[in-house]
$ cat query_36.tsv   # TSV, C-alpha atoms
chain	number	residue	atom	x	y	z
A	27	MET	CA	24.76	24.49	6.02
A	28	ASN	CA	25.91	24.75	2.43
A	29	ALA	CA	24.18	27.22	0.12
A	30	ILE	CA	22.03	25.85	-2.71
A	31	ARG	CA	22.91	26.87	-6.27
A	32	LEU	CA	19.68	27.77	-8.05
A	33	HIS	CA	19.58	27.56	-11.85
A	34	THR	CA	16.94	28.22	-14.46
A	35	ASP	CA	16.53	27.56	-18.17
A	36	MET	CA	14.12	30.49	-18.41
A	37	PRO	CA	15.04	34.17	-19.10
A	38	ARG	CA	16.71	35.97	-16.20
A	39	ASN	CA	16.03	39.35	-14.55
A	40	ILE	CA	12.30	38.96	-14.90
A	41	THR	CA	9.77	36.90	-13.01
A	42	LEU	CA	7.62	35.02	-15.51
A	43	ILE	CA	4.70	32.76	-14.74
A	44	PRO	CA	4.04	30.71	-17.88
A	45	ASN	CA	0.45	30.27	-18.98
A	46	GLU	CA	1.01	26.51	-19.12
A	47	PHE	CA	1.72	26.59	-15.40
A	48	LEU	CA	-1.46	28.52	-14.68
A	49	ASP	CA	-3.54	26.27	-16.95
A	50	HIS	CA	-2.25	22.84	-15.99
A	51	TYR	CA	-0.26	22.92	-12.73
A	52	MET	CA	-1.65	25.56	-10.40
A	53	SER	CA	-4.96	23.80	-9.74
A	54	GLY	CA	-3.21	20.61	-8.61
A	55	ALA	CA	-1.00	22.19	-5.95
A	56	ASN	CA	-1.86	23.53	-2.53
A	57	GLY	CA	-1.13	27.09	-1.46
A	58	GLU	CA	2.11	26.30	0.41
A	59	PHE	CA	3.58	24.55	-2.63
A	60	LEU	CA	2.62	27.47	-4.87
A	61	LYS	CA	4.40	29.88	-2.52
A	62	ILE	CA	7.64	27.87	-2.76
A	63	TYR	CA	7.48	27.70	-6.56
A	64	LEU	CA	6.82	31.43	-6.94
A	65	TYR	CA	9.67	32.14	-4.50
A	66	LEU	CA	12.04	30.11	-6.69
A	67	LEU	CA	10.82	31.93	-9.80
A	68	ARG	CA	11.54	35.24	-8.10
A	69	TRP	CA	15.10	34.45	-7.07
A	70	ALA	CA	16.17	32.29	-10.02
A	71	GLY	CA	17.26	35.42	-11.90
A	72	CYS	CA	19.49	36.64	-9.06
A	73	ALA	CA	22.67	34.60	-9.41
A	74	HIS	CA	24.51	36.50	-6.66
A	75	ASP	CA	21.97	35.62	-3.98
A	76	GLU	CA	22.29	32.37	-2.05
A	77	ILE	CA	19.38	30.48	-0.59
A	78	THR	CA	19.05	27.48	1.68
A	79	THR	CA	16.15	25.32	2.76
A	80	SER	CA	16.55	26.99	6.15
A	81	SER	CA	16.26	30.50	4.70
A	82	ILE	CA	13.18	29.52	2.70
A	83	ALA	CA	11.62	27.95	5.79
A	84	ASP	CA	12.30	31.11	7.82
A	85	PHE	CA	10.84	33.33	5.10
A	86	PHE	CA	7.54	31.42	5.03
A	87	ASN	CA	7.52	30.44	8.72
A	88	MET	CA	7.61	26.74	7.79
A	89	THR	CA	9.77	23.79	8.76
A	90	GLU	CA	12.58	22.61	6.50
A	91	ASN	CA	10.68	19.34	6.01
A	92	ASP	CA	7.72	21.35	4.67
A	93	VAL	CA	10.03	23.08	2.21
A	94	LYS	CA	11.61	19.82	1.05
A	95	ARG	CA	8.19	18.25	0.66
A	96	ALA	CA	7.16	21.14	-1.62
A	97	LEU	CA	10.37	20.84	-3.64
A	98	ARG	CA	9.83	17.08	-4.11
A	99	PHE	CA	6.27	17.79	-5.25
A	100	TRP	CA	7.47	20.10	-8.04
A	101	GLU	CA	10.20	17.60	-8.94
A	102	GLN	CA	7.54	14.93	-9.40
A	103	GLU	CA	5.60	17.36	-11.58
A	104	LYS	CA	8.79	17.65	-13.70
A	105	LEU	CA	9.06	21.41	-13.16
A	106	LEU	CA	12.17	21.14	-11.00
A	107	ARG	CA	15.45	19.22	-10.94
A	108	ILE	CA	17.09	18.60	-7.55
A	109	ALA	CA	20.70	17.59	-6.87
A	110	TRP	CA	21.75	16.12	-3.51
A	111	ASP	CA	25.15	15.65	-1.89
A	112	ASP	CA	26.33	12.52	-0.07
A	113	ALA	CA	25.03	13.88	3.25
A	114	GLY	CA	21.49	14.21	1.90
A	115	ASN	CA	21.58	18.01	1.55
A	116	ILE	CA	20.21	19.85	-1.49
A	117	THR	CA	23.00	21.43	-3.54
A	118	ASP	CA	21.25	22.51	-6.74
A	119	LEU	CA	17.75	23.39	-7.88
A	120	CYS	CA	16.98	23.91	-11.56
A	121	LEU	CA	13.64	25.27	-12.72
A	122	ARG	CA	12.62	23.44	-15.87
A	123	PRO	CA	10.68	25.08	-18.72
A	124	VAL	CA	6.92	24.71	-18.50
A	125	THR	CA	5.92	23.39	-21.90
A	126	ALA	CA	2.93	21.88	-23.68
A	127	PRO	CA	4.11	18.22	-23.41
A	128	TYR	CA	2.79	18.26	-19.87
A	129	ALA	CA	-0.73	18.34	-21.30
A	130	GLN	CA	0.13	15.30	-23.43
A	131	GLU	CA	1.62	13.34	-20.54
A	132	LYS	CA	-1.18	14.21	-18.11
A	133	PRO	CA	-4.29	15.05	-20.10
A	134	VAL	CA	-6.97	16.88	-18.20
A	135	ALA	CA	-9.75	14.34	-18.48
A	136	GLU	CA	-12.70	15.86	-16.66
A	137	PRO	CA	-13.02	19.16	-14.82
A	138	VAL	CA	-12.81	18.84	-11.06
A	139	PRO	CA	-16.34	19.20	-9.64
A	140	GLN	CA	-17.05	22.43	-7.82
A	141	PRO	CA	-18.16	22.17	-4.17
A	142	GLU	CA	-21.82	22.46	-5.03
A	143	ALA	CA	-21.44	19.64	-7.56
A	144	VAL	CA	-20.18	17.10	-5.03
A	145	LYS	CA	-23.34	15.09	-4.42
A	146	VAL	CA	-23.84	11.41	-3.69
A	147	GLN	CA	-26.57	9.96	-5.88
A	148	PRO	CA	-27.91	6.55	-4.83
A	149	ALA	CA	-27.78	3.96	-7.58
A	150	SER	CA	-30.70	2.02	-6.10
A	151	PRO	CA	-33.16	2.28	-3.18
A	152	LYS	CA	-31.14	-0.27	-1.25
A	153	PRO	CA	-27.87	0.61	0.47
A	154	VAL	CA	-24.96	0.11	-1.88
A	155	LYS	CA	-22.18	-2.06	-0.45
A	156	THR	CA	-18.68	-1.85	-1.73
A	157	THR	CA	-16.83	-5.09	-2.42
A	158	PRO	CA	-13.46	-4.89	-0.65
A	159	LYS	CA	-10.49	-4.79	-2.96
A	160	LYS	CA	-7.75	-7.37	-2.68
A	161	GLU	CA	-5.26	-4.64	-1.90
A	162	ARG	CA	-7.09	-3.66	1.29
A	163	SER	CA	-5.34	-4.39	4.55
A	164	THR	CA	-6.43	-7.16	6.87
A	165	SER	CA	-8.57	-4.64	8.77
A	166	ASP	CA	-11.64	-4.52	6.54
A	167	ILE	CA	-13.28	-1.15	6.00
A	168	PRO	CA	-17.04	-1.27	6.66
A	169	SER	CA	-19.33	-0.48	3.74
A	170	TYR	CA	-21.37	2.57	4.65
A	171	SER	CA	-24.86	3.14	3.30
A	172	MET	CA	-25.81	5.92	0.93
A	173	ASP	CA	-27.67	7.59	3.80
A	174	ASP	CA	-24.44	7.63	5.83
A	175	LEU	CA	-22.54	9.23	2.95
A	176	GLN	CA	-25.28	11.75	2.28
A	177	THR	CA	-25.41	12.75	5.94
A	178	PHE	CA	-21.62	13.16	5.96
A	179	VAL	CA	-21.75	15.34	2.84
A	180	GLU	CA	-24.61	17.56	3.98
A	181	LYS	CA	-24.13	17.84	7.75
A	182	ASP	CA	-20.57	16.90	8.72
A	183	GLY	CA	-18.51	18.97	6.30
A	184	GLY	CA	-17.90	16.11	3.90
A	185	GLU	CA	-18.79	18.18	0.83
A	186	GLN	CA	-15.91	20.61	1.32
A	187	LEU	CA	-13.55	17.84	2.39
A	188	PHE	CA	-14.27	15.80	-0.75
A	189	PHE	CA	-13.66	18.88	-2.88
A	190	ILE	CA	-10.29	19.58	-1.22
A	191	ILE	CA	-9.20	15.94	-1.63
A	192	GLN	CA	-10.16	16.09	-5.30
A	193	GLN	CA	-8.00	19.20	-5.66
A	194	TYR	CA	-5.03	17.36	-4.14
A	195	SER	CA	-5.49	14.18	-6.17
A	196	GLY	CA	-6.47	15.89	-9.42
A	197	LYS	CA	-9.36	13.52	-10.08
A	198	PRO	CA	-12.94	12.97	-8.88
A	199	LEU	CA	-13.50	10.58	-5.99
A	200	ASN	CA	-15.34	7.34	-6.70
A	201	GLN	CA	-17.67	5.43	-4.39
A	202	ASP	CA	-14.85	3.40	-2.79
A	203	ASP	CA	-12.77	6.54	-2.17
A	204	MET	CA	-15.64	8.33	-0.43
A	205	ASN	CA	-16.37	5.22	1.64
A	206	THR	CA	-12.72	5.13	2.77
A	207	VAL	CA	-12.74	8.82	3.71
A	208	LEU	CA	-15.90	8.24	5.76
A	209	PHE	CA	-14.08	5.37	7.49
A	210	PHE	CA	-11.29	7.78	8.45
A	211	ARG	CA	-13.93	10.06	9.97
A	212	LYS	CA	-16.22	7.55	11.70
A	213	GLY	CA	-14.06	4.44	12.09
A	214	LEU	CA	-10.78	6.09	13.11
A	215	GLY	CA	-12.28	9.23	14.65
A	216	MET	CA	-10.06	11.60	12.63
A	217	SER	CA	-11.01	15.26	12.41
A	218	LEU	CA	-11.70	16.91	9.05
A	219	ASP	CA	-8.49	18.95	9.35
A	220	LEU	CA	-6.45	15.84	10.07
A	221	ILE	CA	-7.96	13.97	7.10
A	222	GLU	CA	-7.15	16.93	4.85
A	223	HIS	CA	-3.55	16.99	6.14
A	224	LEU	CA	-3.34	13.21	5.63
A	225	PHE	CA	-4.09	13.50	1.91
A	226	GLU	CA	-1.81	16.51	1.51
A	227	TYR	CA	1.06	14.68	3.21
A	228	CYS	CA	0.69	11.44	1.24
A	229	ILE	CA	0.11	12.99	-2.20
A	230	SER	CA	2.89	15.55	-1.81
A	231	ASN	CA	5.26	12.65	-1.13
A	232	GLY	CA	4.19	10.89	-4.33
A	233	HIS	CA	1.74	8.37	-2.82
A	234	ARG	CA	-1.69	8.68	-4.42
A	235	LYS	CA	-3.02	5.14	-3.99
A	236	MET	CA	-5.86	4.93	-1.52
A	237	ASN	CA	-4.56	1.72	0.09
A	238	TYR	CA	-1.31	3.51	0.97
A	239	ILE	CA	-3.20	6.51	2.38
A	240	GLN	CA	-5.34	4.09	4.38
A	241	ALA	CA	-2.23	2.43	5.85
A	242	VAL	CA	-0.84	5.82	6.90
A	243	ALA	CA	-4.19	6.81	8.44
A	244	MET	CA	-4.31	3.62	10.51
A	245	SER	CA	-0.71	4.07	11.65
A	246	TRP	CA	-1.55	7.61	12.77
A	247	ALA	CA	-4.57	6.34	14.67
A	248	GLU	CA	-2.44	3.68	16.40
A	249	ALA	CA	0.09	6.37	17.33
A	250	GLY	CA	-2.65	8.50	18.92
A	251	ILE	CA	-2.36	11.38	16.47
A	252	GLN	CA	-5.35	13.72	16.77
A	253	THR	CA	-4.34	17.01	15.13
A	254	PRO	CA	-2.31	18.15	12.09
A	255	ALA	CA	0.29	19.51	14.52
A	256	ASP	CA	0.67	16.05	16.07
A	257	ALA	CA	1.00	14.57	12.58
A	258	LYS	CA	3.72	17.04	11.60
A	259	VAL	CA	5.79	16.17	14.67
A	260	TYR	CA	5.27	12.44	14.09
A	261	CYS	CA	6.08	12.64	10.36
A	262	ALA	CA	9.18	14.74	11.01
A	263	SER	CA	10.54	11.95	13.21
A	264	TYR	CA	9.43	9.29	10.72
A	265	ASN	CA	11.02	11.09	7.76
A	266	LYS	CA	14.22	11.51	9.76
A	267	VAL	CA	14.42	7.75	10.25
A	268	ASN	CA	13.67	7.18	6.55
A	269	SER	CA	16.56	9.45	5.58
A	270	ALA	CA	18.87	7.74	8.08
A	271	VAL	CA	17.98	4.30	6.68
A	272	MET	CA	18.51	5.49	3.09
A	273	ASN	CA	21.93	6.89	4.02
A	274	ALA	CA	22.91	3.71	5.89
A	275	PHE	CA	21.90	1.57	2.90
A	276	GLY	CA	23.39	3.96	0.34
A	277	ILE	CA	20.02	4.46	-1.40
A	278	LYS	CA	20.08	7.56	-3.59
A	279	GLY	CA	18.12	8.90	-6.51
A	280	ARG	CA	14.80	7.25	-5.64
A	281	TYR	CA	12.08	7.12	-3.00
A	282	LEU	CA	11.57	4.16	-0.71
A	283	SER	CA	8.98	1.67	-1.94
A	284	ASP	CA	5.78	0.93	-0.03
A	285	ASP	CA	7.21	-2.43	1.12
A	286	GLU	CA	10.39	-0.76	2.39
A	287	LEU	CA	8.37	1.88	4.22
A	288	SER	CA	6.27	-0.85	5.83
A	289	TYR	CA	9.46	-2.39	7.28
A	290	ILE	CA	10.44	0.96	8.80
A	291	ARG	CA	6.97	1.43	10.26
A	292	ARG	CA	7.25	-2.03	11.85
A	293	TRP	CA	10.64	-1.22	13.36
A	294	GLN	CA	9.31	2.00	14.87
A	295	GLN	CA	5.73	1.13	15.80
A	296	GLU	CA	5.77	-2.62	16.50
A	297	TYR	CA	9.34	-3.14	17.70
A	298	LYS	CA	9.56	0.43	19.11
A	299	LEU	CA	13.29	0.64	18.40
A	300	SER	CA	15.29	3.85	18.28
A	301	GLN	CA	16.80	5.35	15.13
A	302	GLU	CA	20.28	4.48	16.44
A	303	LEU	CA	19.43	0.76	16.64
A	304	ILE	CA	17.73	0.78	13.23
A	305	VAL	CA	20.75	2.39	11.58
A	306	GLU	CA	23.10	-0.06	13.33
A	307	ALA	CA	21.08	-3.00	11.97
A	308	CYS	CA	21.28	-1.51	8.47
A	309	ARG	CA	25.05	-1.09	8.84
A	310	ARG	CA	25.47	-4.73	9.90
A	311	THR	CA	23.27	-5.79	6.99
A	312	ILE	CA	25.58	-4.08	4.49
A	313	LEU	CA	28.66	-5.65	6.11
A	314	THR	CA	27.16	-9.15	6.07
A	315	ALA	CA	24.73	-9.33	3.15
A	316	HIS	CA	26.56	-6.70	1.01
A	317	SER	CA	23.21	-5.31	-0.14
A	318	ALA	CA	20.39	-3.08	1.10
A	319	SER	CA	18.27	-6.01	2.28
A	320	PHE	CA	15.37	-4.77	4.39
A	321	LYS	CA	14.42	-8.41	5.08
A	322	TYR	CA	17.87	-9.19	6.51
A	323	ALA	CA	17.82	-6.01	8.63
A	324	ASP	CA	14.37	-6.99	9.86
A	325	SER	CA	15.71	-10.36	11.04
A	326	ILE	CA	18.36	-8.55	13.11
A	327	LEU	CA	15.90	-6.08	14.60
A	328	GLU	CA	13.34	-8.81	15.31
A	329	ARG	CA	16.00	-10.73	17.28
A	330	TRP	CA	16.92	-7.59	19.22
A	331	HIS	CA	13.26	-6.92	19.95
A	332	SER	CA	12.81	-10.51	21.21
A	333	ASN	CA	15.82	-10.03	23.51
A	334	GLN	CA	14.39	-6.72	24.81
A	335	VAL	CA	17.24	-4.65	23.37
A	336	GLU	CA	16.65	-0.94	23.90
A	337	THR	CA	20.09	0.70	23.68
A	338	MET	CA	23.47	0.16	22.03
A	339	ASP	CA	24.78	-1.01	25.40
A	340	ASP	CA	22.23	-3.83	25.24
A	341	VAL	CA	23.49	-4.70	21.76
A	342	LEU	CA	27.08	-4.83	22.98
A	343	ARG	CA	26.11	-7.08	25.89
A	344	LEU	CA	24.26	-9.37	23.48
A	345	ASP	CA	27.32	-9.45	21.20
A	346	THR	CA	29.59	-10.25	24.15
A	347	ALA	CA	27.35	-13.09	25.31
A	348	PHE	CA	27.33	-14.51	21.78
A	349	GLU	CA	31.14	-14.36	21.48
A	350	GLN	CA	31.57	-15.99	24.89
A	351	ALA	CA	29.21	-18.82	23.96
A	352	LYS	CA	31.03	-19.26	20.66
A	353	ALA	CA	34.44	-19.39	22.39
A	354	LYS	CA	33.14	-21.89	24.96
A	355	GLN	CA	31.84	-24.16	22.22
A	356	ALA	CA	35.18	-24.00	20.37
A	357	LYS	CA	37.06	-24.82	23.59
A	358	GLU	CA	34.86	-27.83	24.33
A	359	SER	CA	35.32	-29.10	20.79
A	360	LYS	CA	39.12	-28.73	21.09
A	361	THR	CA	39.13	-30.54	24.44
A	362	ALA	CA	37.16	-33.46	23.02
A	363	LYS	CA	39.58	-33.74	20.10
A	364	THR	CA	42.63	-33.72	22.39
A	365	THR	CA	41.11	-36.42	24.64
A	366	THR	CA	40.45	-38.89	21.82
A	367	GLY	CA	43.80	-38.21	20.14
A	368	LYS	CA	42.21	-38.39	16.73
A	369	LYS	CA	39.41	-36.91	14.79
A	370	PRO	CA	35.98	-38.45	15.27
A	371	ALA	CA	35.16	-40.98	12.62
A	372	SER	CA	33.01	-39.55	9.85
A	373	ARG	CA	30.47	-41.50	7.87
A	374	PHE	CA	33.12	-42.07	5.24
A	375	HIS	CA	35.31	-43.92	7.72
A	376	ASN	CA	32.62	-45.73	9.68
A	377	PHE	CA	33.12	-49.19	8.09
A	378	ASN	CA	35.53	-52.16	8.39
A	379	GLN	CA	38.40	-51.41	6.08
A	380	ARG	CA	40.05	-54.25	4.15
A	381	THR	CA	43.81	-54.66	4.15
A	382	TYR	CA	45.64	-55.51	0.94
A	383	ASP	CA	49.29	-56.04	0.12
A	384	TYR	CA	49.39	-54.12	-3.11
A	385	SER	CA	52.94	-55.33	-3.99
A	386	ASP	CA	51.78	-59.03	-3.93
A	387	THR	CA	48.71	-58.14	-5.99
A	388	GLU	CA	50.80	-56.40	-8.61
A	389	LEU	CA	53.23	-59.38	-8.75
A	390	GLU	CA	50.36	-61.86	-9.23
A	391	PHE	CA	48.98	-59.71	-12.06
A	392	ILE	CA	52.36	-59.69	-13.88
A	393	LYS	CA	52.63	-63.52	-13.61
A	394	LYS	CA	49.21	-63.98	-15.16
A	395	LEU	CA	50.06	-61.51	-17.93
A	396	HIS	CA	53.19	-63.45	-18.97
A	397	SER	CA	51.56	-66.87	-18.72
A	398	GLY	CA	48.69	-65.80	-20.94
A	399	ASN	CA	46.11	-66.76	-18.29
A	400	LEU	CA	44.85	-63.18	-17.79
A	401	LYS	CA	41.08	-63.13	-17.97

$ encode --input "query_36.tsv" --output "structure tokens"
Amino acid sequence: MNAIRLHTDMPRNITLIPNEFLDHYMSGANGEFLKIYLYLLRWAGCAHDEITTSSIADFFNMTENDVKRALRFWEQEKLLRIAWDDAGNITDLCLRPVTAPYAQEKPVAEPVPQPEAVKVQPASPKPVKTTPKKERSTSDIPSYSMDDLQTFVEKDGGEQLFFIIQQYSGKPLNQDDMNTVLFFRKGLGMSLDLIEHLFEYCISNGHRKMNYIQAVAMSWAEAGIQTPADAKVYCASYNKVNSAVMNAFGIKGRYLSDDELSYIRRWQQEYKLSQELIVEACRRTILTAHSASFKYADSILERWHSNQVETMDDVLRLDTAFEQAKAKQAKESKTAKTTTGKKPASRFHNFNQRTYDYSDTELEFIKKLHSGNLK
């Protein structure tokens, strides 16, 4: 694995933690992300030392995916610049100065409520029902009563969970958000630790919208994920496929959109196709459509799924059957043409053609022209 060149625009030979970082960034990051950032601050002034994502992972007893997720988080916060090579490996990390413009770009609106301040106050004596948003999935989330929410907060650990989620998201939770979290707990049967990991995973990857987090939660439930450890194994495989698809399509310098991620989830969860088949479909898409068309790749994979394709050998057999059918059709067409001795009449030739002697017609025209009888 190639070493990563680490740069900094800050003074060397001293580990500085800017006040702006402590005031505006530290509260919005979890402990693992803070460790990675402080580690980079420590070694940025040592130009002779080489680091890799593997060495960082070993130092903190993490996975490389955990390290990359932390690095992407700080890149999104505009405190880090990351350079990648064609193989998808990190080649350079540059720590950016922590300056006041961050406060202008992301003003701190309201202080995050402390745990004791997270209380659900009923707006009226009657249970408050939340009107489903248009962006919800087809599986409607039930509207829980204020008593349900209050019980969750006071007796089921919801108070601490809401506080942690607010720390991740950097904003207070509204009524709809709390209702959705309660759905994860009661409707999907997720543990408090798994819900906490769910929000950490989604937000650290740049997805803060609740409808996206809901879609991930439901996909985890369908996959039978019950613990954060299960989720890490599942996400490691999922992220590996994402990277493979991005490489096959030549997508660089951006994250996959929610629509593109939904295609990949369909290929894995609904079609249950391997990474090898997914990458092969992407390769054929580029060769045929000359663009990274997820819709075109989906049409290929849907056809393979319908034909119960499970391996590349199945794909080759399907290709062979198609070529044989194509050759048979061409042979039959050639045989029919040879038998008739001429091409089949088209609609342009399917009429009684008149016969003219154009030399006699031309002669008659000349006679009329000279006699002055041309009308």

$ atom_distance --input "query_36.tsv" --atom1 "CA of Cys308 in chain A" --atom2 "CA of Tyr289 in chain A"
11.9 Å

$ residues_around --input "query_36.tsv" --residues "Asn56 in chain A" --least-positions-apart "4" --cutoff "9 Å" --atoms "only C-alpha atoms" --output "number ranges by chain"
A: 52, 60-61, 193-194, 226

$ closest_residue --input "query_36.tsv" --among "A:Val179, A:Leu344, A:Leu214, A:Ala113" --to "Asn273 in chain A" --atoms "all atoms listed in the file"
A:Ala113

$ atom_distance --input "query_36.tsv" --atom1 "CA of Glu248 in chain A" --atom2 "CA of Phe189 in chain A"
27.0 Å

$ closest_residue --input "query_36.tsv" --among "A:Ala29, A:Ala362, A:Val207, A:Ile251" --to "Ser169 in chain A" --atoms "only C-alpha atoms"
A:Val207

$ closest_residue --input "query_36.tsv" --among "A:Ser171, A:Leu64, A:Gln102, A:Thr311" --to "Gln201 in chain A" --atoms "all atoms listed in the file"
A:Ser171

$ residues_around --input "query_36.tsv" --residues "Ile62 in chain A" --least-positions-apart "6" --cutoff "8 Å" --atoms "all atoms listed in the file" --output "JSON, numbers by chain"
{"A": [82, 93, 96, 97]}

$ closest_residue --input "query_36.tsv" --among "A:Ala274, A:Glu58, A:Asp173, A:Gly215" --to "Ala323 in chain A" --atoms "only C-alpha atoms"
A:Ala274

$ atom_distance --input "query_36.tsv" --atom1 "CA of Asn231 in chain A" --atom2 "CA of Asp219 in chain A"
18.4 Å

$ closest_residue --input "query_36.tsv" --among "A:Leu218, A:Leu199, A:Leu224, A:Val341" --to "Gln186 in chain A" --atoms "only C-alpha atoms"
A:Leu218

$ closest_residue --input "query_36.tsv" --among "A:Trp293, A:Phe47, A:Phe85, A:Trp69" --to "Lys104 in chain A" --atoms "all atoms listed in the file"
A:Phe47
